[in-house]
>>> print(open('input.tsv').read())   # TSV, C-alpha atoms
chain	number	residue	atom	x	y	z
A	1	MET	CA	74.45	116.31	83.88
A	2	GLY	CA	77.43	114.89	81.94
A	3	HIS	CA	79.86	115.98	84.66
A	4	SER	CA	77.86	114.23	87.41
A	5	VAL	CA	77.79	111.03	85.36
A	6	LEU	CA	81.59	111.03	84.98
A	7	VAL	CA	82.10	111.61	88.72
A	8	PHE	CA	79.67	108.79	89.50
A	9	VAL	CA	81.47	106.37	87.18
A	10	CYS	CA	84.93	107.32	88.46
A	11	LEU	CA	83.84	106.53	92.00
A	12	LEU	CA	82.65	103.13	90.86
A	13	LEU	CA	85.81	102.30	88.94
A	14	LEU	CA	88.15	103.36	91.73
A	15	GLY	CA	86.64	100.73	94.05
A	16	ASP	CA	87.60	100.29	97.66
A	17	ALA	CA	91.19	100.48	98.86
A	18	SER	CA	90.43	97.35	100.84
A	19	ILE	CA	90.47	95.32	97.62
A	20	ASP	CA	94.11	96.20	97.02
A	21	SER	CA	95.12	95.56	100.63
A	22	LEU	CA	93.37	92.18	100.64
A	23	ASP	CA	95.06	91.30	97.36
A	24	VAL	CA	98.46	92.13	98.91
A	25	LYS	CA	97.64	90.06	102.01
A	26	LEU	CA	96.62	87.11	99.83
A	27	ASP	CA	99.89	87.30	97.91
A	28	GLN	CA	101.91	87.55	101.14
A	29	THR	CA	100.32	84.42	102.62
A	30	ARG	CA	100.90	82.57	99.35
A	31	VAL	CA	104.61	83.50	99.32
A	32	TYR	CA	104.95	82.54	103.00
A	33	LEU	CA	103.36	79.15	102.31
A	34	GLU	CA	105.76	78.56	99.42
A	35	GLN	CA	108.70	79.44	101.71
A	36	LEU	CA	107.52	76.90	104.30
A	37	GLU	CA	107.33	74.22	101.63
A	38	SER	CA	110.73	75.10	100.14
A	39	ARG	CA	112.48	74.72	103.50
A	40	GLN	CA	110.48	71.55	104.23
A	41	ALA	CA	108.84	72.90	107.35
A	42	SER	CA	106.92	70.62	109.69
A	43	ASN	CA	103.37	69.58	108.86
A	44	GLU	CA	101.94	71.68	111.67
A	45	GLU	CA	103.73	74.82	110.38
A	46	ILE	CA	102.42	74.19	106.88
A	47	LEU	CA	98.94	73.59	108.29
A	48	VAL	CA	99.05	76.98	110.03
A	49	GLY	CA	100.30	78.58	106.79
A	50	ILE	CA	97.42	77.00	104.85
A	51	HIS	CA	94.97	78.27	107.47
A	52	GLU	CA	96.27	81.84	107.11
A	53	HIS	CA	96.22	81.59	103.31
A	54	LEU	CA	92.65	80.28	103.36
A	55	GLY	CA	91.58	83.14	105.62
A	56	ALA	CA	93.12	85.72	103.29
A	57	ALA	CA	91.59	84.02	100.23
A	58	ARG	CA	88.12	83.95	101.79
A	59	ASN	CA	88.33	87.62	102.82
A	60	TYR	CA	89.43	88.58	99.31
A	61	TYR	CA	86.69	86.46	97.72
A	62	ASN	CA	83.99	87.96	99.98
A	63	GLU	CA	85.16	91.50	99.23
A	64	LEU	CA	85.12	90.76	95.49
A	65	ALA	CA	81.58	89.38	95.82
A	66	VAL	CA	80.43	92.52	97.65
A	67	ARG	CA	82.00	94.75	95.03
A	68	GLU	CA	80.50	92.73	92.17
A	69	ALA	CA	77.05	92.98	93.73
A	70	ARG	CA	77.45	96.74	94.16
A	71	ILE	CA	78.60	97.24	90.57
A	72	THR	CA	75.75	95.07	89.29
A	73	MET	CA	73.26	97.23	91.19
A	74	ASP	CA	74.90	100.37	89.81
A	75	ILE	CA	74.69	99.01	86.27
A	76	HIS	CA	71.01	98.23	86.76
A	77	SER	CA	70.42	101.76	88.07
A	78	ILE	CA	72.25	103.31	85.09
A	79	ASP	CA	70.24	101.13	82.70
A	80	GLN	CA	67.00	102.35	84.22
A	81	ARG	CA	68.08	106.00	84.10
A	82	TRP	CA	69.26	105.62	80.52
A	83	PHE	CA	65.99	104.02	79.46
A	84	LEU	CA	63.88	106.77	81.06
A	85	THR	CA	66.08	109.56	79.69
A	86	ASP	CA	66.22	108.07	76.22
A	87	SER	CA	62.45	107.59	76.16
A	88	ALA	CA	61.96	111.22	77.22
A	89	ARG	CA	64.43	112.36	74.57
A	90	ILE	CA	62.67	110.50	71.78
A	91	GLU	CA	59.27	111.77	72.90
A	92	LEU	CA	60.51	115.36	73.17
A	93	GLU	CA	62.20	115.25	69.78
A	94	GLU	CA	59.02	114.02	68.13
A	95	GLY	CA	56.93	116.66	69.94
A	96	VAL	CA	59.29	119.50	69.02
A	97	GLN	CA	59.47	118.43	65.39
A	98	ASP	CA	55.67	118.30	65.15
A	99	TYR	CA	55.42	121.67	66.87
A	100	ILE	CA	57.91	123.34	64.49
A	101	LEU	CA	56.07	121.92	61.49
A	102	PHE	CA	52.82	123.23	62.92
A	103	LEU	CA	54.22	126.73	63.44
A	104	TYR	CA	55.78	127.13	60.04
A	105	SER	CA	52.88	125.50	58.21
A	106	HIS	CA	50.50	128.07	59.74
A	107	ARG	CA	52.95	130.83	58.97
A	108	ARG	CA	52.88	129.94	55.28
A	109	LEU	CA	49.07	129.86	55.24
A	110	VAL	CA	48.82	133.55	56.13
A	111	GLY	CA	47.64	135.53	53.02
A	112	SER	CA	46.60	139.06	51.95
A	113	SER	CA	43.43	138.77	53.96
A	114	VAL	CA	45.43	139.67	57.00
A	115	LEU	CA	45.54	143.26	55.75
A	116	PHE	CA	41.77	143.51	56.05
A	117	ALA	CA	41.44	141.61	59.35
A	118	PRO	CA	40.93	143.44	62.67
A	119	GLY	CA	44.28	144.77	63.84
A	120	GLY	CA	45.72	144.54	60.36
A	121	ILE	CA	49.41	144.25	59.69
A	122	GLY	CA	50.39	145.11	63.28
A	123	ARG	CA	48.57	142.12	64.63
A	124	TYR	CA	50.14	139.97	61.97
A	125	LEU	CA	53.65	141.16	62.80
A	126	ARG	CA	53.16	140.58	66.53
A	127	ARG	CA	51.89	137.11	65.81
A	128	MET	CA	54.86	136.34	63.59
A	129	SER	CA	57.27	137.66	66.21
A	130	PHE	CA	55.68	135.39	68.80
A	131	MET	CA	55.95	132.43	66.44
A	132	ASP	CA	59.64	133.21	65.85
A	133	HIS	CA	60.14	133.27	69.61
A	134	LEU	CA	58.49	129.86	69.95
A	135	ALA	CA	60.63	128.49	67.14
A	136	GLY	CA	63.80	129.77	68.84
A	137	SER	CA	62.76	128.16	72.12
A	138	ALA	CA	62.16	124.89	70.30
A	139	ILE	CA	65.63	125.07	68.70
A	140	SER	CA	67.16	125.74	72.14
A	141	ARG	CA	65.37	122.73	73.54
A	142	MET	CA	66.64	120.68	70.64
A	143	GLU	CA	70.19	121.75	71.45
A	144	ASN	CA	69.65	120.70	75.08
A	145	LEU	CA	68.41	117.38	73.79
A	146	ALA	CA	71.59	117.00	71.75
A	147	GLN	CA	73.66	117.61	74.89
A	148	SER	CA	71.54	115.05	76.72
A	149	GLY	CA	72.31	112.66	73.90
A	150	ASP	CA	76.03	113.20	74.47
A	151	SER	CA	75.58	112.52	78.17
A	152	LEU	CA	73.65	109.37	77.37
A	153	SER	CA	76.49	108.30	75.11
A	154	GLN	CA	78.89	108.81	78.02
A	155	TYR	CA	76.52	106.74	80.15
A	156	ARG	CA	76.74	103.98	77.61
A	157	ASP	CA	80.54	104.12	77.46
A	158	SER	CA	80.74	104.05	81.25
A	159	LEU	CA	78.29	101.18	81.31
A	160	GLU	CA	80.54	99.17	78.99
A	161	ILE	CA	83.51	99.85	81.30
A	162	LEU	CA	81.51	98.67	84.28
A	163	VAL	CA	80.47	95.51	82.45
A	164	GLU	CA	84.14	94.78	81.70
A	165	ASP	CA	85.02	95.46	85.34
A	166	VAL	CA	82.37	92.97	86.46
A	167	ARG	CA	83.72	90.40	83.98
A	168	ILE	CA	87.24	90.80	85.42
A	169	LEU	CA	85.88	90.48	88.94
A	170	ARG	CA	84.10	87.28	87.96
A	171	ILE	CA	87.35	85.80	86.63
A	172	GLN	CA	89.17	86.83	89.81
A	173	MET	CA	86.44	85.33	91.99
A	174	GLU	CA	86.55	82.05	90.09
A	175	ASP	CA	90.34	81.90	90.48
A	176	VAL	CA	90.20	82.66	94.21
A	177	GLN	CA	87.36	80.18	94.75
A	178	GLU	CA	89.33	77.47	92.95
A	179	ARG	CA	92.33	78.27	95.17
A	180	ILE	CA	90.11	77.93	98.25
A	181	TYR	CA	88.90	74.52	97.06
A	182	ARG	CA	92.47	73.32	96.47
A	183	GLU	CA	93.76	74.57	99.83
A	184	GLU	CA	90.79	73.08	101.71
A	185	GLU	CA	91.45	69.71	100.08
A	186	ARG	CA	95.13	70.01	100.89
A	187	GLN	CA	94.33	70.99	104.46
A	188	MET	CA	92.10	67.94	104.84
A	189	LEU	CA	94.83	65.60	103.53
A	190	LEU	CA	97.41	67.21	105.81
A	191	ARG	CA	95.13	66.85	108.81
A	192	GLN	CA	94.69	63.17	107.99
A	193	THR	CA	98.47	62.81	107.86
A	194	LEU	CA	98.81	64.59	111.21
A	195	GLU	CA	96.17	62.34	112.74
A	196	SER	CA	98.17	59.32	111.60
A	197	GLU	CA	101.32	60.87	113.08
A	198	ILE	CA	99.50	61.55	116.35
A	199	ILE	CA	98.42	57.91	116.56
A	200	ALA	CA	102.02	56.84	115.86
A	201	ALA	CA	103.27	59.29	118.52
A	202	ARG	CA	100.85	57.85	121.06
A	203	ASP	CA	102.04	54.34	120.24
A	204	SER	CA	105.62	55.57	120.60
A	205	ALA	CA	104.79	57.20	123.95
A	206	GLU	CA	103.32	53.94	125.21
A	207	ALA	CA	106.43	52.09	124.05
A	208	MET	CA	108.65	54.64	125.81
A	209	GLU	CA	106.70	54.21	129.03
A	210	GLN	CA	107.05	50.46	128.77
A	211	ARG	CA	110.80	50.75	128.26
A	212	ARG	CA	111.06	53.17	131.19
A	213	GLN	CA	109.39	50.66	133.45
A	214	GLN	CA	111.63	47.89	132.08
A	215	LEU	CA	114.74	49.95	132.83
A	216	SER	CA	113.55	50.72	136.36
A	217	ALA	CA	112.79	47.07	137.01
A	218	PHE	CA	116.11	46.01	135.48
A	219	VAL	CA	118.19	48.34	137.66
A	220	THR	CA	116.35	47.27	140.82
A	221	THR	CA	116.78	43.58	139.95
A	222	LEU	CA	120.43	44.22	139.08
A	223	ARG	CA	121.20	45.76	142.46
A	224	SER	CA	119.40	42.99	144.29
A	225	SER	CA	121.26	40.24	142.45
A	226	VAL	CA	124.69	41.82	142.79
A	227	SER	CA	124.60	42.97	146.41
A	228	PRO	CA	121.43	42.28	148.39
A	229	SER	CA	122.83	44.03	151.40
A	230	SER	CA	123.26	47.28	149.50
A	231	ILE	CA	119.59	47.70	148.69
A	232	PRO	CA	118.82	51.23	149.88
A	233	SER	CA	116.19	51.84	152.51
A	234	SER	CA	113.78	54.73	152.45
A	235	ASP	CA	116.23	56.70	154.55
A	236	VAL	CA	119.42	57.83	152.85
A	237	SER	CA	122.12	59.53	154.88
A	238	SER	CA	122.68	63.22	154.24
A	239	SER	CA	126.40	62.40	154.15
A	240	ALA	CA	125.95	60.44	150.91
A	241	PHE	CA	128.18	61.90	148.19
A	242	LEU	CA	125.41	63.11	145.88
A	243	ALA	CA	123.37	64.43	148.81
A	244	ALA	CA	126.32	66.23	150.40
A	245	ASN	CA	127.33	67.81	147.09
A	246	ARG	CA	123.83	68.52	145.83
A	247	GLY	CA	123.83	71.48	143.46
A	248	SER	CA	127.55	71.24	142.73
A	249	ILE	CA	127.87	67.84	141.08
A	250	ILE	CA	129.86	67.91	137.82
A	251	TRP	CA	127.96	67.26	134.59
A	252	PRO	CA	128.62	63.93	132.85
A	253	VAL	CA	129.04	65.82	129.58
A	254	SER	CA	128.87	69.43	128.44
A	255	GLY	CA	125.81	70.08	126.29
A	256	THR	CA	122.19	71.16	126.13
A	257	VAL	CA	119.30	69.51	127.98
A	258	ILE	CA	116.73	68.59	125.33
A	259	ARG	CA	114.52	66.39	127.51
A	260	ARG	CA	113.85	67.25	131.14
A	261	PHE	CA	112.93	65.10	134.10
A	262	GLY	CA	109.30	64.20	134.75
A	263	LEU	CA	106.12	64.59	132.72
A	264	ASP	CA	106.41	66.11	129.26
A	265	GLN	CA	103.66	66.92	126.74
A	266	ASP	CA	104.45	66.99	123.05
A	267	PRO	CA	103.43	70.46	121.70
A	268	VAL	CA	102.41	69.00	118.34
A	269	TYR	CA	100.76	65.68	119.09
A	270	GLY	CA	99.64	66.29	122.67
A	271	THR	CA	101.07	62.97	123.86
A	272	GLU	CA	102.41	62.73	127.42
A	273	THR	CA	105.55	60.84	128.41
A	274	VAL	CA	107.42	60.47	131.67
A	275	SER	CA	111.20	60.56	131.87
A	276	ASP	CA	113.10	59.35	134.92
A	277	GLY	CA	116.16	61.32	133.83
A	278	ILE	CA	117.41	64.00	131.44
A	279	SER	CA	118.73	63.84	127.86
A	280	ILE	CA	121.80	65.97	127.10
A	281	ALA	CA	122.69	66.75	123.47
A	282	VAL	CA	126.24	67.71	122.52
A	283	THR	CA	127.77	69.66	119.65
A	284	GLY	CA	129.51	67.51	117.09
A	285	ASN	CA	129.50	63.76	116.59
A	286	SER	CA	130.70	62.68	120.04
A	287	ALA	CA	132.00	63.87	123.39
A	288	ARG	CA	133.49	62.27	126.53
A	289	VAL	CA	131.04	61.05	129.19
A	290	SER	CA	132.28	60.97	132.81
A	291	THR	CA	130.91	59.74	136.13
A	292	ILE	CA	129.16	62.23	138.41
A	293	GLY	CA	130.52	60.57	141.57
A	294	PRO	CA	132.53	57.60	142.91
A	295	GLY	CA	131.17	54.04	142.96
A	296	VAL	CA	131.20	50.57	141.45
A	297	ILE	CA	130.06	49.66	137.94
A	298	LEU	CA	127.06	47.31	138.18
A	299	TYR	CA	126.34	47.09	134.46
A	300	ALA	CA	128.16	48.09	131.25
A	301	SER	CA	126.59	46.72	128.08
A	302	GLU	CA	123.71	47.11	125.59
A	303	PHE	CA	120.19	47.47	126.95
A	304	LEU	CA	117.04	47.44	124.78
A	305	ASN	CA	116.81	50.68	122.79
A	306	MET	CA	118.96	52.60	125.30
A	307	GLY	CA	122.12	51.76	123.37
A	308	ARG	CA	125.22	51.12	125.44
A	309	MET	CA	124.37	51.73	129.09
A	310	VAL	CA	126.27	52.00	132.37
A	311	VAL	CA	124.72	51.58	135.83
A	312	LEU	CA	126.87	52.98	138.66
A	313	ASP	CA	126.26	52.11	142.32
A	314	HIS	CA	127.48	54.94	144.59
A	315	LEU	CA	127.27	52.56	147.60
A	316	ASP	CA	125.39	55.09	149.73
A	317	GLY	CA	121.79	54.70	148.65
A	318	TYR	CA	122.29	56.49	145.31
A	319	TYR	CA	123.07	55.16	141.87
A	320	SER	CA	123.25	56.74	138.42
A	321	VAL	CA	122.47	55.51	134.92
A	322	TYR	CA	124.22	56.66	131.71
A	323	ALA	CA	122.64	55.54	128.41
A	324	HIS	CA	122.83	56.08	124.63
A	325	LEU	CA	126.61	55.84	124.77
A	326	GLY	CA	128.47	55.28	121.53
A	327	SER	CA	131.32	53.39	123.20
A	328	LEU	CA	132.21	51.94	126.62
A	329	GLU	CA	135.54	52.31	128.45
A	330	VAL	CA	134.60	50.54	131.73
A	331	ASP	CA	133.66	47.01	132.76
A	332	ARG	CA	131.28	45.51	135.29
A	333	GLY	CA	132.70	45.40	138.81
A	334	GLU	CA	135.21	48.20	138.17
A	335	THR	CA	135.63	50.86	140.85
A	336	VAL	CA	135.57	54.45	139.54
A	337	ASN	CA	136.04	57.95	140.93
A	338	THR	CA	134.30	61.24	140.23
A	339	GLY	CA	135.02	62.26	136.64
A	340	SER	CA	136.15	58.81	135.49
A	341	PHE	CA	135.85	58.27	131.73
A	342	LEU	CA	132.89	56.01	130.88
A	343	GLY	CA	132.83	56.29	127.10
A	344	LEU	CA	131.71	58.52	124.24
A	345	THR	CA	128.26	59.90	123.51
A	346	GLY	CA	126.15	58.14	120.90
A	347	PRO	CA	123.00	58.78	118.86
A	348	MET	CA	119.85	59.54	120.85
A	349	PRO	CA	116.23	59.39	119.62
A	350	GLY	CA	116.01	62.09	116.97
A	351	GLY	CA	119.55	61.52	115.72
A	352	ARG	CA	121.50	64.01	117.85
A	353	SER	CA	124.61	62.88	119.68
A	354	GLY	CA	124.41	62.90	123.49
A	355	CYS	CA	123.66	60.80	126.55
A	356	TYR	CA	120.88	60.06	129.00
A	357	LEU	CA	121.47	60.58	132.74
A	358	GLU	CA	119.32	59.19	135.52
A	359	ILE	CA	119.83	59.51	139.29
A	360	ARG	CA	117.99	57.26	141.77
A	361	ARG	CA	117.73	57.85	145.52
A	362	ALA	CA	116.47	55.00	147.68
A	363	GLY	CA	115.31	53.27	144.52
A	364	GLU	CA	113.23	56.26	143.29
A	365	PRO	CA	114.21	58.53	140.38
A	366	VAL	CA	115.03	62.14	141.31
A	367	ASN	CA	115.58	65.22	139.12
A	368	PRO	CA	119.27	65.30	138.09
A	369	LEU	CA	119.11	69.08	137.52
A	370	GLU	CA	118.64	69.56	141.27
A	371	TYR	CA	122.03	67.87	141.84
A	372	LEU	CA	124.16	69.09	138.96
A	373	GLU	CA	126.07	72.37	139.20
>>> encode(input="input.tsv", output="structure tokens")
Amino acid sequence: MGHSVLVFVCLLLLGDASIDSLDVKLDQTRVYLEQLESRQASNEEILVGIHEHLGAARNYYNELAVREARITMDIHSIDQRWFLTDSARIELEEGVQDYILFLYSHRRLVGSSVLFAPGGIGRYLRRMSFMDHLAGSAISRMENLAQSGDSLSQYRDSLEILVEDVRILRIQMEDVQERIYREEERQMLLRQTLESEIIAARDSAEAMEQRRQQLSAFVTTLRSSVSPSSIPSSDVSSSAFLAANRGSIIWPVSGTVIRRFGLDQDPVYGTETVSDGISIAVTGNSARVSTIGPGVILYASEFLNMGRMVVLDHLDGYYSVYAHLGSLEVDRGETVNTGSFLGLTGPMPGGRSGCYLEIRRAGEPVNPLEYLE
């Protein structure tokens, strides 16, 4: 009986391996979240980290709750078994003690009359032998009761261990639950911040669209006022320089395209913006910007938030726009060739150095990447 009790308790105290694995997962997500914060990651990255940490915390909390409930049921079961066994032990001890007293009290009452009773001394000896046998059986049962008492003591010790285990679980659960509350509150505040940023991004997208339309209208008006006869028709000759060299036009600057032509959706805020050209970022603080083809400079000055801007008329139905320049090396009315130096790159939205390139055919913006080599 004692051995089975110890095995039962050991199984309870070992618990599930899942507890340890969930504890490790919780610690990993906590460390990852701290790393995101230390390197000042974006709000959306931190929000994802909080979500993963909350998931791990909830799984750990739920597993702790299941284990606590199981241990509580086991403690209740042990209490019931201990009560029944202890009651039986007390009752048996009292019964055996009364029985032994009864046997030996009757044994002492036997006198000389037994010699004259039927069966005589032989009957008396047999009776005494039987009484000795009963007394030995009672002593054996008492020894078994003593062993049961030891087992019950082990039950009690194991019960105390289980109670302590439940107490530790309760502390762990309270700590994890408090962590869940804090992270949920933090998540809510971060979501509110993101919502504000999304609203700001939408406002910014609307402003960008307004400026795009202003630039388009400005360039069209500029061409009309400078040379009404050069306004392109819907038909542009295939012999036009940009058309004839499509796919092999030199780049205005060497760099990386960070904003492509056409519709673009922000992966974080979901806002949509349209770009009539491409944005090219360069390495370092500045780089030389050159023309992509020959023509006449229609405009070379500041324009709204586009920084220093150059509008080049290619005199064949095409024109190109170069914006966000840090400096200008050409003037209005100047004739330039392919690769002529326009100026240096300047800061673009976001802070990186580069330039914006736009190509228009018959007054409509086209994708510069389809023309550049």
>>> residues_around(input="input.tsv", residues="Val176 of chain A", least_positions_apart="4", cutoff="7 Å", atoms="all atoms listed in the file", output="list in words")
Ala57, Tyr61, Gln172 and Ile180 of chain A
>>> closest_atom_pairs(input="input.tsv", of="segment 280-369 of chain A", to="segment 240-256 of chain A", cutoff="10 Å", atoms="only C-alpha atoms", output="tab-separated table")
residue	atom	partner	partner_atom	distance
A:Ile280	CA	A:Thr256	CA	5.3
A:Ala281	CA	A:Thr256	CA	5.2
A:Val282	CA	A:Gly255	CA	4.5
A:Thr283	CA	A:Gly255	CA	6.9
A:Ala287	CA	A:Val253	CA	7.1
A:Arg288	CA	A:Val253	CA	6.5
A:Val289	CA	A:Val253	CA	5.2
A:Ser290	CA	A:Pro252	CA	4.7
A:Thr291	CA	A:Pro252	CA	5.8
A:Ile292	CA	A:Ile250	CA	5.8
A:Gly293	CA	A:Phe241	CA	7.1
A:Pro294	CA	A:Phe241	CA	8.1
A:Gly295	CA	A:Phe241	CA	9.9
A:His314	CA	A:Phe241	CA	7.9
A:Leu315	CA	A:Ala240	CA	8.6
A:Asp316	CA	A:Ala240	CA	5.5
A:Gly317	CA	A:Ala240	CA	7.4
A:Tyr318	CA	A:Leu242	CA	7.3
A:Tyr319	CA	A:Leu242	CA	9.2
A:Tyr322	CA	A:Pro252	CA	8.6
A:Thr338	CA	A:Ile250	CA	8.4
A:Gly339	CA	A:Pro252	CA	7.6
A:Ser340	CA	A:Pro252	CA	9.5
A:Phe341	CA	A:Pro252	CA	9.3
A:Leu342	CA	A:Pro252	CA	9.2
A:Leu344	CA	A:Val253	CA	9.4
A:Thr345	CA	A:Val253	CA	8.5
A:Ser353	CA	A:Gly255	CA	9.8
A:Gly354	CA	A:Gly255	CA	7.8
A:Cys355	CA	A:Val253	CA	8.0
A:Tyr356	CA	A:Pro252	CA	9.5
A:Leu357	CA	A:Pro252	CA	7.9
A:Ile359	CA	A:Leu242	CA	9.4
A:Arg361	CA	A:Ala243	CA	9.3
A:Pro368	CA	A:Gly247	CA	9.4
A:Leu369	CA	A:Gly247	CA	8.0
>>> residues_around(input="input.tsv", residues="Arg308 of chain A", least_positions_apart="4", cutoff="10 Å", atoms="all atoms listed in the file", output="ChimeraX atom specification")
/A:299-304,322-328,343-346,355
>>> residues_around(input="input.tsv", residues="Ser275 of chain A", least_positions_apart="2", cutoff="10 Å", atoms="only C-alpha atoms", output="PyMOL selection string")
chain A and resi 208-209+212+259-264+273+277-279+358+365+367
>>> closest_residue(input="input.tsv", among="A:Glu91, A:Glu164, A:Glu364, A:Asp86", to="Ser151 of chain A", atoms="all atoms listed in the file")
A:Asp86
>>> atom_distance(input="input.tsv", atom1="atom CA of Thr72 of chain A", atom2="atom CA of Gln28 of chain A")
29.7 Å
>>> atom_distance(input="input.tsv", atom1="atom CA of Met188 of chain A", atom2="atom CA of Leu22 of chain A")
24.6 Å
>>> atom_distance(input="input.tsv", atom1="atom CA of Met306 of chain A", atom2="atom CA of Pro349 of chain A")
9.3 Å
>>> closest_residue(input="input.tsv", among="A:Leu101, A:Leu189, A:Met309, A:Ala217", to="Glu329 of chain A", atoms="all atoms listed in the file")
A:Met309
>>> residues_around(input="input.tsv", residues="Glu174 of chain A", least_positions_apart="6", cutoff="12 Å", atoms="all atoms listed in the file", output="tab-separated table (two decimals) with C-alpha atoms, in the frame of the given file")
chain	number	residue	atom	x	y	z
A	57	ALA	CA	91.59	84.02	100.23
A	58	ARG	CA	88.12	83.95	101.79
A	60	TYR	CA	89.43	88.58	99.31
A	61	TYR	CA	86.69	86.46	97.72
A	62	ASN	CA	83.99	87.96	99.98
A	64	LEU	CA	85.12	90.76	95.49
A	65	ALA	CA	81.58	89.38	95.82
A	167	ARG	CA	83.72	90.40	83.98
A	168	ILE	CA	87.24	90.80	85.42
A	180	ILE	CA	90.11	77.93	98.25
A	181	TYR	CA	88.90	74.52	97.06
